[in-house]
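**Q** My structure file run-v7.txt, compact mmCIF, C-alpha atoms and all ligand atoms, is below:
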```
# COMPACT_ATOMS: atom_id res chain seq x y z
CA MET W 2 140.82 30.17 131.06
CA LYS W 3 141.39 28.74 134.51
CA LEU W 4 140.93 30.59 137.80
CA TYR W 5 142.79 29.56 140.93
CA THR W 6 140.51 30.69 143.72
CA TYR W 7 139.36 30.10 147.27
CA PHE W 8 135.75 30.74 148.19
CA ARG W 9 136.52 33.07 151.13
CA SER W 10 139.27 34.96 149.32
CA SER W 11 137.99 38.45 148.62
CA ALA W 12 140.71 39.09 146.02
CA SER W 13 139.49 35.96 144.18
CA TYR W 14 135.90 37.14 144.52
CA ARG W 15 136.83 40.40 142.73
CA VAL W 16 138.00 38.41 139.72
CA ARG W 17 135.04 36.02 139.85
CA ILE W 18 132.74 39.06 139.60
CA ALA W 19 134.69 40.58 136.69
CA LEU W 20 134.65 37.27 134.78
CA ALA W 21 130.92 36.92 135.39
CA LEU W 22 130.18 40.50 134.31
CA LYS W 23 132.07 39.90 131.08
CA GLY W 24 130.41 36.51 130.61
CA LEU W 25 133.75 34.70 130.42
CA GLY W 26 133.47 30.97 131.09
CA HIS W 27 136.43 29.37 132.84
CA ASP W 28 137.63 26.33 134.72
CA VAL W 29 138.15 26.63 138.44
CA GLU W 30 140.77 25.14 140.75
CA SER W 31 140.24 25.63 144.45
CA VAL W 32 143.34 26.43 146.51
CA SER W 33 142.53 25.96 150.19
CA LEU W 34 144.02 28.64 152.43
CA PRO W 35 143.26 26.81 155.73
CA LYS W 36 145.03 23.74 154.33
CA ALA W 37 147.92 26.01 153.25
CA GLU W 38 147.68 24.74 149.68
CA HIS W 39 148.67 28.25 148.53
CA LEU W 40 152.08 27.78 150.14
CA ALA W 41 152.76 24.36 148.60
CA ASP W 42 155.32 23.99 145.80
CA ARG W 43 152.60 23.01 143.34
CA PHE W 44 150.78 26.34 143.67
CA ARG W 45 153.95 28.39 144.01
CA GLY W 46 154.75 27.06 140.54
CA VAL W 47 151.62 28.91 139.40
CA ASN W 48 152.06 32.02 141.55
CA PRO W 49 155.47 32.40 143.23
CA GLN W 50 153.83 34.88 145.63
CA GLY W 51 151.68 32.08 147.03
CA LEU W 52 148.50 34.15 146.94
CA VAL W 53 145.14 33.64 145.26
CA PRO W 54 143.80 34.50 142.78
CA ALA W 55 145.77 33.55 139.68
CA LEU W 56 144.30 33.32 136.21
CA GLU W 57 145.60 31.27 133.32
CA ASP W 58 144.68 32.49 129.87
CA GLY W 59 146.16 31.07 126.68
CA GLY W 60 149.04 29.50 128.58
CA HIS W 61 149.90 32.72 130.43
CA VAL W 62 149.52 33.05 134.20
CA LEU W 63 148.29 36.36 135.54
CA ILE W 64 148.49 37.35 139.21
CA GLN W 65 147.24 40.29 141.33
CA SER W 66 143.49 40.84 141.12
CA LEU W 67 143.70 44.48 139.97
CA ALA W 68 146.14 43.56 137.19
CA ILE W 69 143.93 40.61 136.24
CA MET W 70 140.82 42.81 136.03
CA GLU W 71 142.70 45.39 133.94
CA TYR W 72 143.91 42.56 131.67
CA LEU W 73 140.34 41.30 131.24
CA GLU W 74 139.27 44.86 130.44
CA ASP W 75 141.97 45.20 127.76
CA ARG W 76 141.48 41.76 126.28
CA TYR W 77 137.68 41.47 126.56
CA PRO W 78 136.51 45.10 126.56
CA VAL W 79 132.75 44.49 126.40
CA PRO W 80 131.02 45.15 128.71
CA ALA W 81 133.43 47.82 129.96
CA LEU W 82 134.36 47.88 133.65
CA LEU W 83 136.21 51.19 133.36
CA PRO W 84 134.90 54.48 131.94
CA LYS W 85 136.64 56.01 128.91
CA ASP W 86 137.51 59.46 130.28
CA PRO W 87 140.97 59.59 131.93
CA LEU W 88 139.74 61.50 135.00
CA GLU W 89 136.82 59.14 135.45
CA ARG W 90 139.13 56.14 135.07
CA ALA W 91 141.42 57.59 137.73
CA TYR W 92 138.45 58.05 140.08
CA VAL W 93 137.33 54.43 139.63
CA ARG W 94 140.86 53.09 140.03
CA ALA W 95 141.37 55.18 143.17
CA ALA W 96 138.21 53.78 144.78
CA ALA W 97 139.33 50.24 143.88
CA GLN W 98 142.81 50.89 145.27
CA VAL W 99 141.58 52.31 148.58
CA ILE W 100 140.18 48.83 149.14
CA ALA W 101 142.71 46.60 147.42
CA CYS W 102 145.89 48.47 148.37
CA GLU W 103 145.07 50.19 151.68
CA MET W 104 142.52 47.98 153.41
CA HIS W 105 142.93 44.41 152.25
CA PRO W 106 146.68 43.84 152.89
CA LEU W 107 146.34 44.88 156.53
CA ASN W 108 143.71 42.21 157.16
CA ASN W 109 145.09 39.46 154.95
CA LEU W 110 145.55 35.98 156.40
CA ARG W 111 149.36 36.19 156.57
CA THR W 112 149.16 39.59 158.30
CA LEU W 113 146.69 38.28 160.89
CA LYS W 114 148.81 35.16 161.47
CA HIS W 115 151.90 37.30 161.91
CA ILE W 116 150.42 39.71 164.44
CA ARG W 117 148.80 36.83 166.36
CA ALA W 118 152.09 34.95 166.71
CA THR W 119 154.53 37.86 167.08
CA TYR W 120 152.52 40.00 169.47
CA ARG W 121 150.78 37.06 171.18
CA LEU W 122 147.32 38.33 170.37
CA ASP W 123 144.22 36.28 171.20
CA ASP W 124 141.07 36.20 169.03
CA GLU W 125 139.81 39.40 170.63
CA GLY W 126 143.05 41.21 169.85
CA VAL W 127 143.09 40.03 166.25
CA ASN W 128 139.44 40.99 165.78
CA ALA W 129 140.09 44.45 167.20
CA TRP W 130 142.93 44.92 164.71
CA TYR W 131 140.70 43.70 161.88
CA ARG W 132 137.82 46.02 162.77
CA HIS W 133 140.14 48.97 163.19
CA TRP W 134 141.41 48.73 159.61
CA ILE W 135 137.95 48.08 158.20
CA ALA W 136 136.71 51.24 159.95
CA ASP W 137 139.76 53.22 158.82
CA GLY W 138 139.41 52.14 155.19
CA PHE W 139 135.65 52.43 154.88
CA THR W 140 135.73 55.88 156.53
CA MET W 141 138.23 56.94 153.86
CA LEU W 142 136.21 55.35 151.06
CA GLU W 143 132.88 56.75 152.25
CA SER W 144 134.24 60.29 152.40
CA TYR W 145 135.96 59.93 149.01
CA LEU W 146 132.76 58.69 147.34
CA ASN W 147 130.80 61.45 149.06
CA ARG W 148 133.23 64.25 148.16
CA GLU W 149 133.50 63.21 144.52
CA GLY W 150 129.72 63.08 144.14
CA ARG W 151 129.93 60.63 141.25
CA THR W 152 128.01 57.71 142.70
CA GLY W 153 124.71 56.57 141.30
CA ARG W 154 123.48 53.08 141.78
CA TYR W 155 127.16 52.05 141.89
CA CYS W 156 130.50 53.72 142.71
CA PHE W 157 130.53 55.42 139.31
CA GLY W 158 127.01 56.47 138.39
CA ASP W 159 124.97 53.59 137.05
CA MET W 160 127.98 51.86 135.48
CA VAL W 161 129.36 48.77 137.21
CA THR W 162 133.14 49.11 137.43
CA ILE W 163 136.17 47.48 139.00
CA ALA W 164 135.52 49.69 142.05
CA ASP W 165 132.31 47.76 142.69
CA CYS W 166 134.17 44.48 142.08
CA CYS W 167 136.42 45.47 145.01
CA LEU W 168 133.78 47.04 147.27
CA VAL W 169 131.44 44.05 147.49
CA PRO W 170 134.02 41.43 148.59
CA GLN W 171 135.41 43.86 151.19
CA VAL W 172 131.92 44.31 152.66
CA PHE W 173 131.59 40.51 152.81
CA ASN W 174 134.84 40.38 154.79
CA ALA W 175 133.63 43.11 157.13
CA LYS W 176 130.34 41.33 157.73
CA ARG W 177 132.19 38.09 158.49
CA TYR W 178 134.06 39.89 161.26
CA GLU W 179 130.83 41.56 162.45
CA CYS W 180 132.09 45.08 161.77
CA ASP W 181 129.63 47.93 162.27
CA LEU W 182 128.75 49.19 158.79
CA ALA W 183 126.16 51.77 159.87
CA PRO W 184 128.61 54.70 159.51
CA TYR W 185 129.02 53.96 155.78
CA PRO W 186 125.61 54.52 154.14
CA ILE W 187 127.00 55.06 150.62
CA VAL W 188 129.16 51.92 150.77
CA THR W 189 126.31 49.77 152.11
CA ARG W 190 123.80 51.17 149.60
CA ILE W 191 126.13 50.36 146.70
CA PHE W 192 126.71 46.90 148.18
CA GLY W 193 122.94 46.32 148.21
CA GLU W 194 122.57 47.48 144.60
CA CYS W 195 125.41 45.25 143.40
CA MET W 196 124.03 42.19 145.17
CA ARG W 197 120.86 42.52 143.09
CA LEU W 198 123.00 41.61 140.06
CA ASP W 199 123.57 37.96 139.23
CA ALA W 200 127.30 38.51 138.56
CA PHE W 201 127.78 39.52 142.21
CA ALA W 202 125.23 37.19 143.81
CA ALA W 203 126.20 33.99 141.98
CA THR W 204 129.93 34.45 142.65
CA GLN W 205 129.62 35.17 146.39
CA PRO W 206 131.61 32.96 148.77
CA SER W 207 128.76 30.75 150.00
CA LYS W 208 127.79 29.80 146.43
CA GLN W 209 131.23 28.47 145.46
CA PRO W 210 131.80 24.73 144.99
CA ASP W 211 134.64 24.70 147.54
CA ALA W 212 132.33 26.30 150.15
CA LEU W 213 129.83 23.53 149.63
CA ALA W 214 132.40 20.72 149.58
N1 LIG L 1 147.07 42.04 146.18
C1 LIG L 1 146.72 40.68 145.92
C2 LIG L 1 146.27 40.03 147.21
C3 LIG L 1 146.09 38.55 147.05
C4 LIG L 1 145.88 37.94 148.41
O1 LIG L 1 146.44 38.41 149.42
N2 LIG L 1 145.05 36.90 148.48
C5 LIG L 1 144.76 36.31 149.76
C6 LIG L 1 143.34 35.80 149.81
S1 LIG L 1 142.19 37.13 149.65
C7 LIG L 1 145.71 35.17 150.04
O2 LIG L 1 146.03 34.41 149.16
N3 LIG L 1 146.17 35.11 151.30
C8 LIG L 1 147.03 34.07 151.73
C9 LIG L 1 147.87 34.50 152.89
O3 LIG L 1 147.75 35.64 153.33
O4 LIG L 1 148.64 33.65 153.35
C10 LIG L 1 145.60 40.62 144.88
O5 LIG L 1 144.86 41.60 144.77
O6 LIG L 1 145.48 39.62 144.15
```
Translate the structure described by the file into structure tokens.
Ligand SMILES: N[C@@H](CCC(=O)N[C@@H](CS)C(=O)NCC(=O)O)C(=O)O
**A**
Amino acid sequence: MKLYTYFRSSASYRVRIALALKGLGHDVESVSLPKAEHLADRFRGVNPQGLVPALEDGGHVLIQSLAIMEYLEDRYPVPALLPKDPLERAYVRAAAQVIACEMHPLNNLRTLKHIRATYRLDDEGVNAWYRHWIADGFTMLESYLNREGRTGRYCFGDMVTIADCCLVPQVFNAKRYECDLAPYPIVTRIFGECMRLDAFAATQPSKQPDALA
């Protein structure tokens, strides 16, 4: 397997965690977002969307971190990152999608570049936008996790799932932009629990070879 990744990419971090949890060794190719390598023809040949991550397995290229994690779950089911019960699976997928589908796209690099250029925003304006959508998303996630009452050490009891694989990278992003996380005690507690696990700690942005390069 080969993972196309960038150390600061939270969508890539999700997949790095899932691969680590499942103990799946893989080659790594760094695709630098600041150098716009993701937009070059070479990488668009891998992922026409021009987004990281992408995962090659057995000559097939997979894109979209949620689809990649579901593929890994189907292909390499142990240890499981989704519960068996359909309602429980839907709960875990919903928590993952609040982050990956509602929060992340609004604060993605291309979105930030677009609002900066089109609406002539300065750093302060862009940061305000960023923090707004972090607060909006984490408020939604916190109240969902609270209402469902299914959390334990992690989003789903004491089982690590794809919801945790999404939650941790999003908290990293929020911390990078100095967002106030005090209003989200469940989210931050789960973050702390996950970071005690090697699969989350060893794959974090600052530990990646391209961060150290
Ligand atoms: N929904 C996609 C999002 C992928 C994505 O947006 N990746 C970001 C890095 S986290 C990226 O490549 N951004 C480049 C850009 O916005 O130009 C997924 O989950 O894989």
**Q** Quick one: everything within 12 Å of Thr152 in chain W, counting all atoms listed in the file, minus sequence neighbours fewer than 2 positions away in the same chain. Send it as a PDB file with C-alpha atoms, keeping the file's coordinate frame.
**A**
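Final output, out35.pdb:
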```
ATOM      1  CA  GLU W  89     136.820  59.140 135.450  1.00  0.00           C
ATOM      2  CA  TYR W  92     138.450  58.050 140.080  1.00  0.00           C
ATOM      3  CA  VAL W  93     137.330  54.430 139.630  1.00  0.00           C
ATOM      4  CA  ALA W  96     138.210  53.780 144.780  1.00  0.00           C
ATOM      5  CA  LEU W 142     136.210  55.350 151.060  1.00  0.00           C
ATOM      6  CA  GLU W 143     132.880  56.750 152.250  1.00  0.00           C
ATOM      7  CA  SER W 144     134.240  60.290 152.400  1.00  0.00           C
ATOM      8  CA  TYR W 145     135.960  59.930 149.010  1.00  0.00           C
ATOM      9  CA  LEU W 146     132.760  58.690 147.340  1.00  0.00           C
ATOM     10  CA  ASN W 147     130.800  61.450 149.060  1.00  0.00           C
ATOM     11  CA  ARG W 148     133.230  64.250 148.160  1.00  0.00           C
ATOM     12  CA  GLU W 149     133.500  63.210 144.520  1.00  0.00           C
ATOM     13  CA  GLY W 150     129.720  63.080 144.140  1.00  0.00           C
ATOM     14  CA  ARG W 154     123.480  53.080 141.780  1.00  0.00           C
ATOM     15  CA  TYR W 155     127.160  52.050 141.890  1.00  0.00           C
ATOM     16  CA  CYS W 156     130.500  53.720 142.710  1.00  0.00           C
ATOM     17  CA  PHE W 157     130.530  55.420 139.310  1.00  0.00           C
ATOM     18  CA  GLY W 158     127.010  56.470 138.390  1.00  0.00           C
ATOM     19  CA  ASP W 159     124.970  53.590 137.050  1.00  0.00           C
ATOM     20  CA  MET W 160     127.980  51.860 135.480  1.00  0.00           C
ATOM     21  CA  VAL W 161     129.360  48.770 137.210  1.00  0.00           C
ATOM     22  CA  THR W 162     133.140  49.110 137.430  1.00  0.00           C
ATOM     23  CA  ALA W 164     135.520  49.690 142.050  1.00  0.00           C
ATOM     24  CA  ASP W 165     132.310  47.760 142.690  1.00  0.00           C
ATOM     25  CA  ILE W 187     127.000  55.060 150.620  1.00  0.00           C
ATOM     26  CA  VAL W 188     129.160  51.920 150.770  1.00  0.00           C
ATOM     27  CA  ARG W 190     123.800  51.170 149.600  1.00  0.00           C
ATOM     28  CA  ILE W 191     126.130  50.360 146.700  1.00  0.00           C
ATOM     29  CA  GLU W 194     122.570  47.480 144.600  1.00  0.00           C
TER      30      GLU W 194
END
```
**Q** Wanna dump the chain W-ligand LIG 1 (chain L) contacts at 8 Å for me, each residue with its shortest atom pair and the distance in Å to one decimal, counting only C-alpha atoms and all ligand atoms, ordered by chain and number, as JSON lines?
**A**
```
{"residue": "W:Tyr7", "atom": "CA", "partner": "L:LIG1", "partner_atom": "C6", "distance": 7.4}
{"residue": "W:Arg9", "atom": "CA", "partner": "L:LIG1", "partner_atom": "S1", "distance": 7.1}
{"residue": "W:Ser10", "atom": "CA", "partner": "L:LIG1", "partner_atom": "S1", "distance": 3.7}
{"residue": "W:Ser11", "atom": "CA", "partner": "L:LIG1", "partner_atom": "S1", "distance": 4.5}
{"residue": "W:Ala12", "atom": "CA", "partner": "L:LIG1", "partner_atom": "S1", "distance": 4.4}
{"residue": "W:Ser13", "atom": "CA", "partner": "L:LIG1", "partner_atom": "S1", "distance": 6.2}
{"residue": "W:Leu34", "atom": "CA", "partner": "L:LIG1", "partner_atom": "C8", "distance": 6.2}
{"residue": "W:Ala37", "atom": "CA", "partner": "L:LIG1", "partner_atom": "O4", "distance": 7.7}
{"residue": "W:His39", "atom": "CA", "partner": "L:LIG1", "partner_atom": "O2", "distance": 6.7}
{"residue": "W:Leu40", "atom": "CA", "partner": "L:LIG1", "partner_atom": "O4", "distance": 7.5}
{"residue": "W:Gly51", "atom": "CA", "partner": "L:LIG1", "partner_atom": "O2", "distance": 6.5}
{"residue": "W:Leu52", "atom": "CA", "partner": "L:LIG1", "partner_atom": "O2", "distance": 3.3}
{"residue": "W:Val53", "atom": "CA", "partner": "L:LIG1", "partner_atom": "O2", "distance": 4.1}
{"residue": "W:Pro54", "atom": "CA", "partner": "L:LIG1", "partner_atom": "O6", "distance": 5.6}
{"residue": "W:Ala55", "atom": "CA", "partner": "L:LIG1", "partner_atom": "O6", "distance": 7.5}
{"residue": "W:Ile64", "atom": "CA", "partner": "L:LIG1", "partner_atom": "O6", "distance": 6.2}
{"residue": "W:Gln65", "atom": "CA", "partner": "L:LIG1", "partner_atom": "O6", "distance": 3.4}
{"residue": "W:Ser66", "atom": "CA", "partner": "L:LIG1", "partner_atom": "O6", "distance": 3.8}
{"residue": "W:Leu67", "atom": "CA", "partner": "L:LIG1", "partner_atom": "O5", "distance": 5.7}
{"residue": "W:Ala68", "atom": "CA", "partner": "L:LIG1", "partner_atom": "O5", "distance": 7.9}
{"residue": "W:Ala101", "atom": "CA", "partner": "L:LIG1", "partner_atom": "O5", "distance": 6.1}
{"residue": "W:Cys102", "atom": "CA", "partner": "L:LIG1", "partner_atom": "N1", "distance": 6.9}
{"residue": "W:His105", "atom": "CA", "partner": "L:LIG1", "partner_atom": "C2", "distance": 7.5}
{"residue": "W:Pro106", "atom": "CA", "partner": "L:LIG1", "partner_atom": "O1", "distance": 6.4}
{"residue": "W:Asn109", "atom": "CA", "partner": "L:LIG1", "partner_atom": "O3", "distance": 4.9}
{"residue": "W:Leu110", "atom": "CA", "partner": "L:LIG1", "partner_atom": "O3", "distance": 3.8}
{"residue": "W:Arg111", "atom": "CA", "partner": "L:LIG1", "partner_atom": "O3", "distance": 3.7}
{"residue": "W:Thr112", "atom": "CA", "partner": "L:LIG1", "partner_atom": "O3", "distance": 6.5}
```
**Q** Hey, what's within 10 Å of Gly60 in chain W if we count only C-alpha atoms and toss same-chain stuff fewer than 4 positions away? As a PDB file with C-alpha atoms, in the frame of the given file, please?
**A**
```pdb
ATOM      1  CA  MET W   2     140.820  30.170 131.060  1.00  0.00           C
ATOM      2  CA  LYS W   3     141.390  28.740 134.510  1.00  0.00           C
ATOM      3  CA  LEU W  56     144.300  33.320 136.210  1.00  0.00           C
TER       4      LEU W  56
END
```
**Q** Within 10 Å of (137.3, 37.5, 138.8) (file coordinates; only C-alpha atoms), which protein or nucleic acid residues are there? I'd like them as a list in words.
**A** Leu4, Tyr5, Thr6, Ser11, Ala12, Ser13, Tyr14, Arg15, Val16, Arg17, Ile18, Ala19, Leu20, Ala21, Leu22, Lys23, Leu25, Pro54, Ala55, Leu56, Ser66, Leu67, Ile69, Met70, Leu73, Cys166 and Thr204 of chain W
**Q** How many Å lie between CA of His115 in chain W and CA of Val99 in chain W, rounded to one decimal?
**A**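 About the pair CA of His115 in chain W and CA of Val99 in chain W: they are 22.6 Å apart.
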**Q** Can you tell me how far CA of Ala81 in chain W sits from CA of Pro170 in chain W, in Å to one decimal?
**A**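 For CA of Ala81 in chain W relative to CA of Pro170 in chain W, the distance reads 19.7 Å.
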**Q** Looking at W:Arg151, W:Arg197, W:Arg132, W:Arg45, which one is nearest to Glu179 in chain W, with distances taken over only C-alpha atoms?
**A**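 Answer, going by the shortest atom-to-atom distance: W:Arg132.
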